[in-house]
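**Student:** Sharing data-v9.cif (mmCIF, C-alpha atoms and all ligand atoms) below.
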data_structure
loop_
_atom_site.group_PDB
_atom_site.id
_atom_site.type_symbol
_atom_site.label_atom_id
_atom_site.label_comp_id
_atom_site.auth_asym_id
_atom_site.auth_seq_id
_atom_site.Cartn_x
_atom_site.Cartn_y
_atom_site.Cartn_z
ATOM 1 C CA MET A 1 -130.280 -15.741 16.927
ATOM 2 C CA ALA A 2 -129.343 -15.180 13.284
ATOM 3 C CA ASP A 3 -131.985 -13.839 10.940
ATOM 4 C CA ARG A 4 -134.131 -16.773 9.875
ATOM 5 C CA PRO A 5 -137.479 -17.512 8.208
ATOM 6 C CA TYR A 6 -140.707 -17.855 10.145
ATOM 7 C CA VAL A 7 -141.068 -21.643 10.537
ATOM 8 C CA LEU A 8 -144.454 -23.340 10.234
ATOM 9 C CA LEU A 9 -144.448 -27.057 11.018
ATOM 10 C CA SER A 10 -147.389 -28.795 9.342
ATOM 11 C CA CYS A 11 -148.344 -32.445 9.718
ATOM 12 C CA GLY A 12 -151.085 -34.964 10.308
ATOM 13 C CA THR A 13 -151.201 -37.807 12.793
ATOM 14 C CA SER A 14 -153.513 -40.612 13.865
ATOM 15 C CA ILE A 15 -155.280 -40.327 17.232
ATOM 16 C CA ASP A 16 -152.311 -42.162 18.740
ATOM 17 C CA GLY A 17 -149.816 -39.674 17.335
ATOM 18 C CA CYS A 18 -148.429 -41.677 14.411
ATOM 19 C CA LEU A 19 -147.263 -39.995 11.217
ATOM 20 C CA ASP A 20 -147.405 -43.205 9.202
ATOM 21 C CA ASP A 21 -147.751 -46.951 9.534
ATOM 22 C CA GLY A 22 -145.550 -49.842 8.505
ATOM 23 C CA SER A 23 -147.434 -50.817 5.357
ATOM 24 C CA ALA A 24 -145.986 -50.458 1.875
ATOM 25 C CA GLU A 25 -148.665 -47.942 0.884
ATOM 26 C CA ARG A 26 -148.550 -44.281 1.869
ATOM 27 C CA LEU A 27 -150.906 -43.756 4.807
ATOM 28 C CA LEU A 28 -153.559 -41.144 4.013
ATOM 29 C CA LEU A 29 -154.352 -39.394 7.263
ATOM 30 C CA SER A 30 -156.381 -36.500 5.976
ATOM 31 C CA ASN A 31 -159.340 -35.777 3.680
ATOM 32 C CA ASP A 32 -159.719 -33.754 0.482
ATOM 33 C CA ALA A 33 -160.853 -30.606 2.264
ATOM 34 C CA ASP A 34 -157.825 -30.677 4.509
ATOM 35 C CA PHE A 35 -155.431 -31.445 1.652
ATOM 36 C CA ASP A 36 -156.821 -28.305 0.029
ATOM 37 C CA ARG A 37 -156.153 -26.323 3.231
ATOM 38 C CA VAL A 38 -152.567 -27.585 3.203
ATOM 39 C CA ASP A 39 -152.298 -26.555 -0.444
ATOM 40 C CA ALA A 40 -153.405 -23.029 0.506
ATOM 41 C CA ALA A 41 -150.869 -22.941 3.347
ATOM 42 C CA ARG A 42 -148.120 -24.082 0.967
ATOM 43 C CA ALA A 43 -149.052 -21.333 -1.478
ATOM 44 C CA GLU A 44 -148.383 -18.751 1.257
ATOM 45 C CA CYS A 45 -144.836 -20.020 1.873
ATOM 46 C CA ASP A 46 -141.546 -19.278 0.168
ATOM 47 C CA ALA A 47 -140.115 -22.768 0.710
ATOM 48 C CA ILE A 48 -141.226 -26.247 1.787
ATOM 49 C CA MET A 49 -138.840 -28.644 3.492
ATOM 50 C CA VAL A 50 -138.938 -32.369 4.301
ATOM 51 C CA GLY A 51 -136.226 -34.697 5.554
ATOM 52 C CA ALA A 52 -134.561 -37.228 3.276
ATOM 53 C CA GLY A 53 -136.502 -40.004 5.049
ATOM 54 C CA THR A 54 -139.764 -38.502 3.820
ATOM 55 C CA VAL A 55 -138.332 -38.074 0.316
ATOM 56 C CA ARG A 56 -137.476 -41.789 0.289
ATOM 57 C CA ARG A 57 -140.708 -42.998 1.896
ATOM 58 C CA ASP A 58 -143.355 -40.677 0.394
ATOM 59 C CA ASP A 59 -141.631 -39.266 -2.700
ATOM 60 C CA PRO A 60 -143.557 -35.959 -2.428
ATOM 61 C CA ARG A 61 -143.709 -33.365 -5.214
ATOM 62 C CA LEU A 62 -143.940 -30.462 -2.748
ATOM 63 C CA GLN A 63 -145.918 -28.398 -5.226
ATOM 64 C CA VAL A 64 -148.943 -26.128 -5.043
ATOM 65 C CA ARG A 65 -151.704 -28.075 -6.797
ATOM 66 C CA SER A 66 -154.480 -25.526 -7.290
ATOM 67 C CA ALA A 67 -154.264 -23.765 -10.677
ATOM 68 C CA GLN A 68 -155.763 -20.606 -9.153
ATOM 69 C CA ARG A 69 -153.212 -20.495 -6.350
ATOM 70 C CA ARG A 70 -150.360 -21.109 -8.769
ATOM 71 C CA ALA A 71 -151.636 -18.310 -11.016
ATOM 72 C CA ALA A 72 -152.054 -15.991 -8.013
ATOM 73 C CA ARG A 73 -148.461 -16.617 -6.989
ATOM 74 C CA GLU A 74 -147.245 -15.894 -10.514
ATOM 75 C CA ALA A 75 -149.315 -12.705 -10.589
ATOM 76 C CA ARG A 76 -147.397 -11.649 -7.456
ATOM 77 C CA GLY A 77 -144.129 -12.218 -9.324
ATOM 78 C CA LEU A 78 -143.385 -15.519 -7.562
ATOM 79 C CA ASN A 79 -142.726 -18.997 -8.906
ATOM 80 C CA ALA A 80 -145.889 -21.134 -9.177
ATOM 81 C CA SER A 81 -144.714 -23.254 -6.223
ATOM 82 C CA PRO A 82 -142.394 -22.553 -3.302
ATOM 83 C CA LEU A 83 -138.766 -23.593 -3.316
ATOM 84 C CA ARG A 84 -138.333 -27.302 -2.463
ATOM 85 C CA VAL A 85 -135.819 -28.147 0.235
ATOM 86 C CA THR A 86 -134.479 -31.309 1.834
ATOM 87 C CA LEU A 87 -131.594 -32.286 4.099
ATOM 88 C CA THR A 88 -129.480 -35.403 4.342
ATOM 89 C CA ALA A 89 -126.472 -36.547 6.344
ATOM 90 C CA ARG A 90 -125.618 -39.687 4.387
ATOM 91 C CA GLY A 91 -126.488 -38.370 0.940
ATOM 92 C CA GLY A 92 -128.662 -41.307 -0.083
ATOM 93 C CA LEU A 93 -131.093 -39.441 -2.296
ATOM 94 C CA ASP A 94 -132.381 -40.879 -5.551
ATOM 95 C CA PRO A 95 -132.027 -38.469 -8.505
ATOM 96 C CA ALA A 96 -135.327 -39.900 -9.777
ATOM 97 C CA ALA A 97 -137.214 -38.667 -6.675
ATOM 98 C CA ARG A 98 -140.052 -36.287 -7.529
ATOM 99 C CA ILE A 99 -138.546 -33.494 -5.467
ATOM 100 C CA PHE A 100 -135.927 -33.346 -8.235
ATOM 101 C CA THR A 101 -137.917 -34.379 -11.288
ATOM 102 C CA ALA A 102 -141.271 -32.609 -10.780
ATOM 103 C CA ALA A 103 -141.681 -29.628 -13.092
ATOM 104 C CA GLN A 104 -138.981 -27.057 -12.460
ATOM 105 C CA GLU A 105 -141.418 -24.303 -11.597
ATOM 106 C CA ALA A 106 -139.826 -23.343 -8.318
ATOM 107 C CA GLY A 107 -136.177 -23.049 -9.181
ATOM 108 C CA ASP A 108 -133.637 -25.742 -8.390
ATOM 109 C CA PRO A 109 -134.456 -27.728 -5.247
ATOM 110 C CA LEU A 110 -132.012 -27.188 -2.395
ATOM 111 C CA VAL A 111 -130.279 -30.083 -0.649
ATOM 112 C CA TYR A 112 -128.508 -29.262 2.642
ATOM 113 C CA CYS A 113 -125.854 -31.727 3.773
ATOM 114 C CA PRO A 114 -122.655 -31.939 5.814
ATOM 115 C CA SER A 115 -119.485 -30.511 4.243
ATOM 116 C CA SER A 116 -118.115 -34.028 3.807
ATOM 117 C CA ALA A 117 -121.096 -35.101 1.664
ATOM 118 C CA VAL A 118 -121.179 -32.116 -0.688
ATOM 119 C CA GLY A 119 -118.886 -33.508 -3.402
ATOM 120 C CA GLY A 120 -120.590 -36.894 -3.565
ATOM 121 C CA LEU A 121 -124.065 -35.386 -3.669
ATOM 122 C CA ARG A 122 -123.170 -32.919 -6.396
ATOM 123 C CA ALA A 123 -121.845 -35.807 -8.476
ATOM 124 C CA ARG A 124 -124.937 -37.893 -7.729
ATOM 125 C CA LEU A 125 -127.542 -35.213 -8.422
ATOM 126 C CA GLY A 126 -125.815 -33.415 -11.276
ATOM 127 C CA GLY A 127 -127.784 -30.316 -12.241
ATOM 128 C CA LEU A 128 -131.007 -31.496 -10.591
ATOM 129 C CA ALA A 129 -130.470 -29.589 -7.351
ATOM 130 C CA THR A 130 -128.313 -27.022 -5.619
ATOM 131 C CA VAL A 131 -126.295 -28.820 -2.943
ATOM 132 C CA VAL A 132 -125.457 -26.589 0.028
ATOM 133 C CA ASP A 133 -122.805 -27.146 2.680
ATOM 134 C CA ALA A 134 -124.557 -26.777 6.051
ATOM 135 C CA GLY A 135 -121.599 -27.546 8.319
ATOM 136 C CA ASP A 136 -120.328 -30.800 9.751
ATOM 137 C CA PRO A 137 -122.629 -31.940 11.255
ATOM 138 C CA VAL A 138 -125.455 -29.991 9.653
ATOM 139 C CA ASP A 139 -126.287 -26.910 11.699
ATOM 140 C CA LEU A 140 -130.011 -26.128 11.467
ATOM 141 C CA GLY A 141 -129.430 -22.500 12.413
ATOM 142 C CA ARG A 142 -126.958 -22.168 9.544
ATOM 143 C CA LEU A 143 -129.430 -23.896 7.216
ATOM 144 C CA LEU A 144 -132.177 -21.451 8.168
ATOM 145 C CA ALA A 145 -129.877 -18.458 7.868
ATOM 146 C CA ASP A 146 -128.885 -19.649 4.397
ATOM 147 C CA LEU A 147 -132.549 -19.955 3.396
ATOM 148 C CA ARG A 148 -133.206 -16.443 4.687
ATOM 149 C CA GLY A 149 -130.281 -15.227 2.616
ATOM 150 C CA ARG A 150 -132.001 -16.726 -0.427
ATOM 151 C CA GLY A 151 -135.105 -14.670 0.261
ATOM 152 C CA VAL A 152 -137.112 -17.251 2.212
ATOM 153 C CA ARG A 153 -139.206 -15.426 4.813
ATOM 154 C CA ARG A 154 -141.732 -18.182 5.509
ATOM 155 C CA LEU A 155 -140.732 -21.868 5.579
ATOM 156 C CA MET A 156 -143.136 -24.793 5.835
ATOM 157 C CA VAL A 157 -141.597 -27.898 7.398
ATOM 158 C CA GLU A 158 -143.579 -31.010 6.451
ATOM 159 C CA GLY A 159 -141.869 -33.893 8.222
ATOM 160 C CA GLY A 160 -140.945 -36.420 9.183
ATOM 161 C CA GLU A 161 -140.368 -37.463 12.784
ATOM 162 C CA SER A 162 -136.636 -36.796 12.881
ATOM 163 C CA VAL A 163 -136.947 -33.338 11.356
ATOM 164 C CA HIS A 164 -139.871 -32.362 13.619
ATOM 165 C CA THR A 165 -137.945 -33.473 16.690
ATOM 166 C CA GLN A 166 -134.829 -31.510 15.812
ATOM 167 C CA PHE A 167 -136.606 -28.300 14.836
ATOM 168 C CA LEU A 168 -138.795 -28.371 17.934
ATOM 169 C CA SER A 169 -135.922 -29.292 20.257
ATOM 170 C CA ALA A 170 -133.850 -26.430 18.880
ATOM 171 C CA GLY A 171 -136.695 -23.938 19.440
ATOM 172 C CA LEU A 172 -136.856 -23.243 15.701
ATOM 173 C CA VAL A 173 -140.624 -23.670 15.212
ATOM 174 C CA ASP A 174 -142.889 -20.642 15.432
ATOM 175 C CA GLU A 175 -146.193 -22.310 14.616
ATOM 176 C CA LEU A 176 -147.557 -25.861 14.491
ATOM 177 C CA HIS A 177 -150.488 -27.012 12.355
ATOM 178 C CA LEU A 178 -151.433 -30.433 13.662
ATOM 179 C CA VAL A 179 -154.241 -32.405 12.039
ATOM 180 C CA ILE A 180 -155.621 -35.407 13.899
ATOM 181 C CA ALA A 181 -157.189 -38.175 11.806
ATOM 182 C CA PRO A 182 -160.003 -40.222 13.349
ATOM 183 C CA PHE A 183 -158.264 -43.577 13.656
ATOM 184 C CA PHE A 184 -155.450 -45.349 15.445
ATOM 185 C CA VAL A 185 -152.345 -46.882 13.901
ATOM 186 C CA GLY A 186 -151.429 -48.932 16.941
ATOM 187 C CA GLU A 187 -147.916 -49.869 15.835
ATOM 188 C CA ALA A 188 -145.181 -49.368 18.418
ATOM 189 C CA ARG A 189 -142.551 -48.755 15.740
ATOM 190 C CA ALA A 190 -144.557 -46.328 13.611
ATOM 191 C CA PRO A 191 -143.024 -42.848 13.209
ATOM 192 C CA ARG A 192 -144.523 -40.352 15.654
ATOM 193 C CA LEU A 193 -145.062 -36.620 15.620
ATOM 194 C CA VAL A 194 -141.809 -36.382 17.593
ATOM 195 C CA GLY A 195 -139.262 -38.805 18.949
ATOM 196 C CA GLY A 196 -137.678 -38.398 22.357
ATOM 197 C CA GLY A 197 -135.810 -35.271 23.288
ATOM 198 C CA ARG A 198 -135.947 -32.071 25.265
ATOM 199 C CA LEU A 199 -138.888 -30.276 23.748
ATOM 200 C CA PRO A 200 -139.478 -26.603 24.477
ATOM 201 C CA ARG A 201 -143.119 -26.911 25.487
ATOM 202 C CA ASP A 202 -143.551 -29.037 28.583
ATOM 203 C CA PRO A 203 -146.257 -29.045 31.246
ATOM 204 C CA GLY A 204 -144.635 -26.011 32.832
ATOM 205 C CA ARG A 205 -144.372 -24.025 29.587
ATOM 206 C CA ARG A 206 -147.486 -24.558 27.567
ATOM 207 C CA ALA A 207 -147.852 -23.618 23.895
ATOM 208 C CA THR A 208 -150.536 -21.161 22.853
ATOM 209 C CA LEU A 209 -153.554 -22.784 21.224
ATOM 210 C CA VAL A 210 -154.694 -20.232 18.655
ATOM 211 C CA GLU A 211 -157.266 -22.214 16.659
ATOM 212 C CA VAL A 212 -159.323 -25.407 16.701
ATOM 213 C CA ARG A 213 -161.068 -26.148 13.391
ATOM 214 C CA ARG A 214 -163.161 -29.137 12.418
ATOM 215 C CA ILE A 215 -162.517 -30.093 8.769
ATOM 216 C CA GLU A 216 -165.027 -32.827 8.018
ATOM 217 C CA ASP A 217 -163.740 -35.868 9.943
ATOM 218 C CA VAL A 218 -160.383 -34.404 11.029
ATOM 219 C CA VAL A 219 -159.505 -31.613 13.423
ATOM 220 C CA LEU A 220 -156.870 -28.929 12.902
ATOM 221 C CA LEU A 221 -155.079 -27.625 15.981
ATOM 222 C CA ARG A 222 -152.983 -24.490 15.504
ATOM 223 C CA TYR A 223 -150.390 -23.666 18.137
ATOM 224 C CA THR A 224 -147.849 -20.901 18.350
ATOM 225 C CA PHE A 225 -144.530 -21.123 20.180
ATOM 226 C CA PRO A 226 -143.066 -17.822 21.318
ATOM 227 C CA THR A 227 -139.600 -17.520 19.746
ATOM 228 C CA SER A 228 -137.237 -14.792 18.783
ATOM 229 C CA CYS A 229 -138.075 -15.066 15.075
ATOM 230 C CA PRO A 230 -137.997 -11.566 13.574
ATOM 231 C CA HIS A 231 -140.598 -12.410 10.875
ATOM 232 C CA ARG A 232 -143.697 -13.075 12.909
HETATM 233 N N1 LIG A 301 -148.231 -37.494 8.455
HETATM 234 C C1 LIG A 301 -147.473 -36.518 8.012
HETATM 235 O O1 LIG A 301 -147.882 -35.345 8.000
HETATM 236 C C2 LIG A 301 -146.090 -36.826 7.546
HETATM 237 C C3 LIG A 301 -145.317 -35.831 6.955
HETATM 238 C C4 LIG A 301 -144.035 -36.134 6.562
HETATM 239 C C5 LIG A 301 -143.523 -37.403 6.770
HETATM 240 N N2 LIG A 301 -144.283 -38.356 7.346
HETATM 241 C C6 LIG A 301 -143.743 -39.688 7.600
HETATM 242 O O2 LIG A 301 -142.591 -39.560 8.395
HETATM 243 C C7 LIG A 301 -141.761 -40.691 8.119
HETATM 244 C C8 LIG A 301 -140.343 -40.205 7.907
HETATM 245 O O3 LIG A 301 -139.827 -39.711 9.106
HETATM 246 P P1 LIG A 301 -138.291 -39.955 9.428
HETATM 247 O O4 LIG A 301 -138.040 -39.443 10.796
HETATM 248 O O5 LIG A 301 -137.944 -41.354 9.098
HETATM 249 O O6 LIG A 301 -137.562 -39.101 8.314
HETATM 250 P P2 LIG A 301 -137.415 -37.529 8.036
HETATM 251 O O7 LIG A 301 -137.490 -36.741 9.287
HETATM 252 O O8 LIG A 301 -138.280 -37.170 6.911
HETATM 253 O O9 LIG A 301 -135.922 -37.525 7.473
HETATM 254 C C9 LIG A 301 -134.866 -37.990 8.277
HETATM 255 C C10 LIG A 301 -133.624 -37.912 7.443
HETATM 256 O O10 LIG A 301 -133.348 -36.562 7.099
HETATM 257 C C11 LIG A 301 -131.957 -36.336 7.173
HETATM 258 N N3 LIG A 301 -131.700 -35.469 8.332
HETATM 259 C C12 LIG A 301 -132.503 -35.208 9.377
HETATM 260 N N4 LIG A 301 -131.900 -34.374 10.229
HETATM 261 C C13 LIG A 301 -130.687 -34.112 9.710
HETATM 262 C C14 LIG A 301 -129.600 -33.320 10.129
HETATM 263 N N5 LIG A 301 -129.625 -32.618 11.272
HETATM 264 N N6 LIG A 301 -128.511 -33.293 9.347
HETATM 265 C C15 LIG A 301 -128.463 -33.976 8.203
HETATM 266 N N7 LIG A 301 -129.457 -34.747 7.740
HETATM 267 C C16 LIG A 301 -130.554 -34.810 8.502
HETATM 268 C C17 LIG A 301 -131.311 -37.689 7.358
HETATM 269 O O11 LIG A 301 -131.179 -38.195 6.043
HETATM 270 P P3 LIG A 301 -130.141 -39.349 5.608
HETATM 271 O O12 LIG A 301 -130.703 -40.596 6.205
HETATM 272 O O13 LIG A 301 -130.227 -39.311 4.113
HETATM 273 O O14 LIG A 301 -128.811 -38.965 6.143
HETATM 274 C C18 LIG A 301 -132.392 -38.425 8.141
HETATM 275 O O15 LIG A 301 -132.290 -39.828 8.075
HETATM 276 C C19 LIG A 301 -142.317 -41.385 6.914
HETATM 277 O O16 LIG A 301 -142.976 -42.556 7.335
HETATM 278 C C20 LIG A 301 -143.301 -40.390 6.354
HETATM 279 O O17 LIG A 301 -144.386 -40.992 5.701
HETATM 280 C C21 LIG A 301 -145.570 -38.100 7.711
#
What is this file in structure tokens?
**Tutor:**
Amino acid sequence: MADRPYVLLSCGTSIDGCLDDGSAERLLLSNDADFDRVDAARAECDAIMVGAGTVRRDDPRLQVRSAQRRAAREARGLNASPLRVTLTARGGLDPAARIFTAAQEAGDPLVYCPSSAVGGLRARLGGLATVVDAGDPVDLGRLLADLRGRGVRRLMVEGGESVHTQFLSAGLVDELHLVIAPFFVGEARAPRLVGGGRLPRDPGRRATLVEVRRIEDVVLLRYTFPTSCPHR
């Protein structure tokens, strides 16, 4: 396995495993205390990545919010927020998305895409992002090796379903932070923690549960997945 960052997958679901619902509004699964925990976890990472579906649906800023954490990062010689990263196959990203327009305090966002989409995306995004050829089709191992080459030692992957499924199926996740919200979504077509696929932890090969933490009305489950990542 090529040198790659330590990969932390962080997400929240309903009791029935949904990442979102079908309403027009963004579904808030967590509470303020847990959002603050996520902010602290972000502040410890070098980069945060979401799929293009999450960019389109949630329009996240992917920034560290706490002024103290931002200042602490800067005192360590880092940017106030981690590098922002996304990936797309079709290239349908809006240049007005917050991942591109939020304050440039973390360097240019990175967009990984297939070789065939590089030219179109560079034209579409102009100077708003660095567009990186990740193979055709995109090779997640190559993407991670490229991030490592840019100094990323710890990557936080924050969704959505498609990205979770691929990273887990490829054995590229070292740690999972799963928050369960105390309600059901109950929609058959809602995005789930993972879609179908061959996942590395099955009943015969269980993950390691390293922490259970109650955070007001949600619960955080922390699992580790033994991998060959050199940056444990
Ligand atoms: N509860 C939570 O913690 C949480 C966190 C994040 C997201 N979500 C939810 O998750 C949902 C989005 O999930 P999703 O599965 O639709 O989208 P997603 O995983 O965020 O993004 C999927 C998109 O990413 C690109 N992509 C993924 N794998 C790729 C690959 N190997 N090569 C190239 N491009 C690739 C493709 O973009 P193109 O289509 O542009 O080609 C693909 O359509 C939203 O409802 C969001 O609210 C929830």
**Student:** Please write as a ChimeraX atom specification the full residue list that the PyMOL selection byres (((chain A and resi 53) around 12) and not hetatm) yields on this file.
**Tutor:** /A:49-52,54-60,86-94,97,158-164,191
**Student:** Go ahead and dump the residues you just picked, C-alpha atoms, as a PDB file, in the coordinates of the input.
**Tutor:**
ATOM      1  CA  MET A  49    -138.840 -28.644   3.492  1.00  0.00           C
ATOM      2  CA  VAL A  50    -138.938 -32.369   4.301  1.00  0.00           C
ATOM      3  CA  GLY A  51    -136.226 -34.697   5.554  1.00  0.00           C
ATOM      4  CA  ALA A  52    -134.561 -37.228   3.276  1.00  0.00           C
ATOM      5  CA  THR A  54    -139.764 -38.502   3.820  1.00  0.00           C
ATOM      6  CA  VAL A  55    -138.332 -38.074   0.316  1.00  0.00           C
ATOM      7  CA  ARG A  56    -137.476 -41.789   0.289  1.00  0.00           C
ATOM      8  CA  ARG A  57    -140.708 -42.998   1.896  1.00  0.00           C
ATOM      9  CA  ASP A  58    -143.355 -40.677   0.394  1.00  0.00           C
ATOM     10  CA  ASP A  59    -141.631 -39.266  -2.700  1.00  0.00           C
ATOM     11  CA  PRO A  60    -143.557 -35.959  -2.428  1.00  0.00           C
ATOM     12  CA  THR A  86    -134.479 -31.309   1.834  1.00  0.00           C
ATOM     13  CA  LEU A  87    -131.594 -32.286   4.099  1.00  0.00           C
ATOM     14  CA  THR A  88    -129.480 -35.403   4.342  1.00  0.00           C
ATOM     15  CA  ALA A  89    -126.472 -36.547   6.344  1.00  0.00           C
ATOM     16  CA  ARG A  90    -125.618 -39.687   4.387  1.00  0.00           C
ATOM     17  CA  GLY A  91    -126.488 -38.370   0.940  1.00  0.00           C
ATOM     18  CA  GLY A  92    -128.662 -41.307  -0.083  1.00  0.00           C
ATOM     19  CA  LEU A  93    -131.093 -39.441  -2.296  1.00  0.00           C
ATOM     20  CA  ASP A  94    -132.381 -40.879  -5.551  1.00  0.00           C
ATOM     21  CA  ALA A  97    -137.214 -38.667  -6.675  1.00  0.00           C
ATOM     22  CA  GLU A 158    -143.579 -31.010   6.451  1.00  0.00           C
ATOM     23  CA  GLY A 159    -141.869 -33.893   8.222  1.00  0.00           C
ATOM     24  CA  GLY A 160    -140.945 -36.420   9.183  1.00  0.00           C
ATOM     25  CA  GLU A 161    -140.368 -37.463  12.784  1.00  0.00           C
ATOM     26  CA  SER A 162    -136.636 -36.796  12.881  1.00  0.00           C
ATOM     27  CA  VAL A 163    -136.947 -33.338  11.356  1.00  0.00           C
ATOM     28  CA  HIS A 164    -139.871 -32.362  13.619  1.00  0.00           C
ATOM     29  CA  PRO A 191    -143.024 -42.848  13.209  1.00  0.00           C
TER      30      PRO A 191
END
**Student:** Specify as a ChimeraX atom specification each residue included when the PyMOL selection byres (((chain A and resi 5-7) around 9) and not hetatm) is applied to this file.
**Tutor:** /A:3-4,8-9,144-145,147-148,151-157,172-176,229-232
**Student:** Give as a VMD selection string the set of residues within 7 Å of the point (-123.2, -28.0, 5.0), where distances use the file's coordinates and only C-alpha atoms.
**Tutor:** chain A and resid 112 to 115 132 to 136 138
**Student:** Compile the contact shell of Ala43 (chain A) as a list in words: residues with an atom at most 10 Å away, counting only C-alpha atoms, same-chain residues fewer than 2 positions apart removed.
**Tutor:**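 Contacts, in chain order: Arg37, Val38, Asp39, Ala40, Ala41, Cys45, Asp46, Ala47, Ile48, Gln63, Val64, Arg65, Ser66, Arg69, Arg70, Ala72, Arg73, Ala80, Ser81 and Pro82 of chain A.
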**Student:** Care to translate the PyMOL selection byres (((chain A and resi 12) around 6) and not hetatm) into actual residues of this file, as a ChimeraX atom specification?
**Tutor:** /A:11,13,178-180
**Student:** For the atom pair CA of Arg26 (chain A) and atom C16 of ligand LIG 301 (chain A), what is the interatomic distance in Å to one decimal place?
**Tutor:** 21.4 Å
**Student:** Just the residues within 8 Å of Gly186 (chain A), please, counting all atoms listed in the file, with nothing from its chain fewer than 2 positions along; format it as a PyMOL selection string.
**Tutor:** chain A and resi 16+184+188
**Student:** Just checking: using all atoms listed in the file, which residue out of A:Leu221, A:Ala123, A:Leu62, A:Ala75 ends up closest to Ala106 (chain A)?
**Tutor:** A:Leu62
**Student:** Could you state the separation of CA of Gly141 (chain A) and atom N5 of ligand LIG 301 (chain A) in Å, given to one decimal place?
**Tutor:**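 These atoms are spaced 10.2 Å apart.
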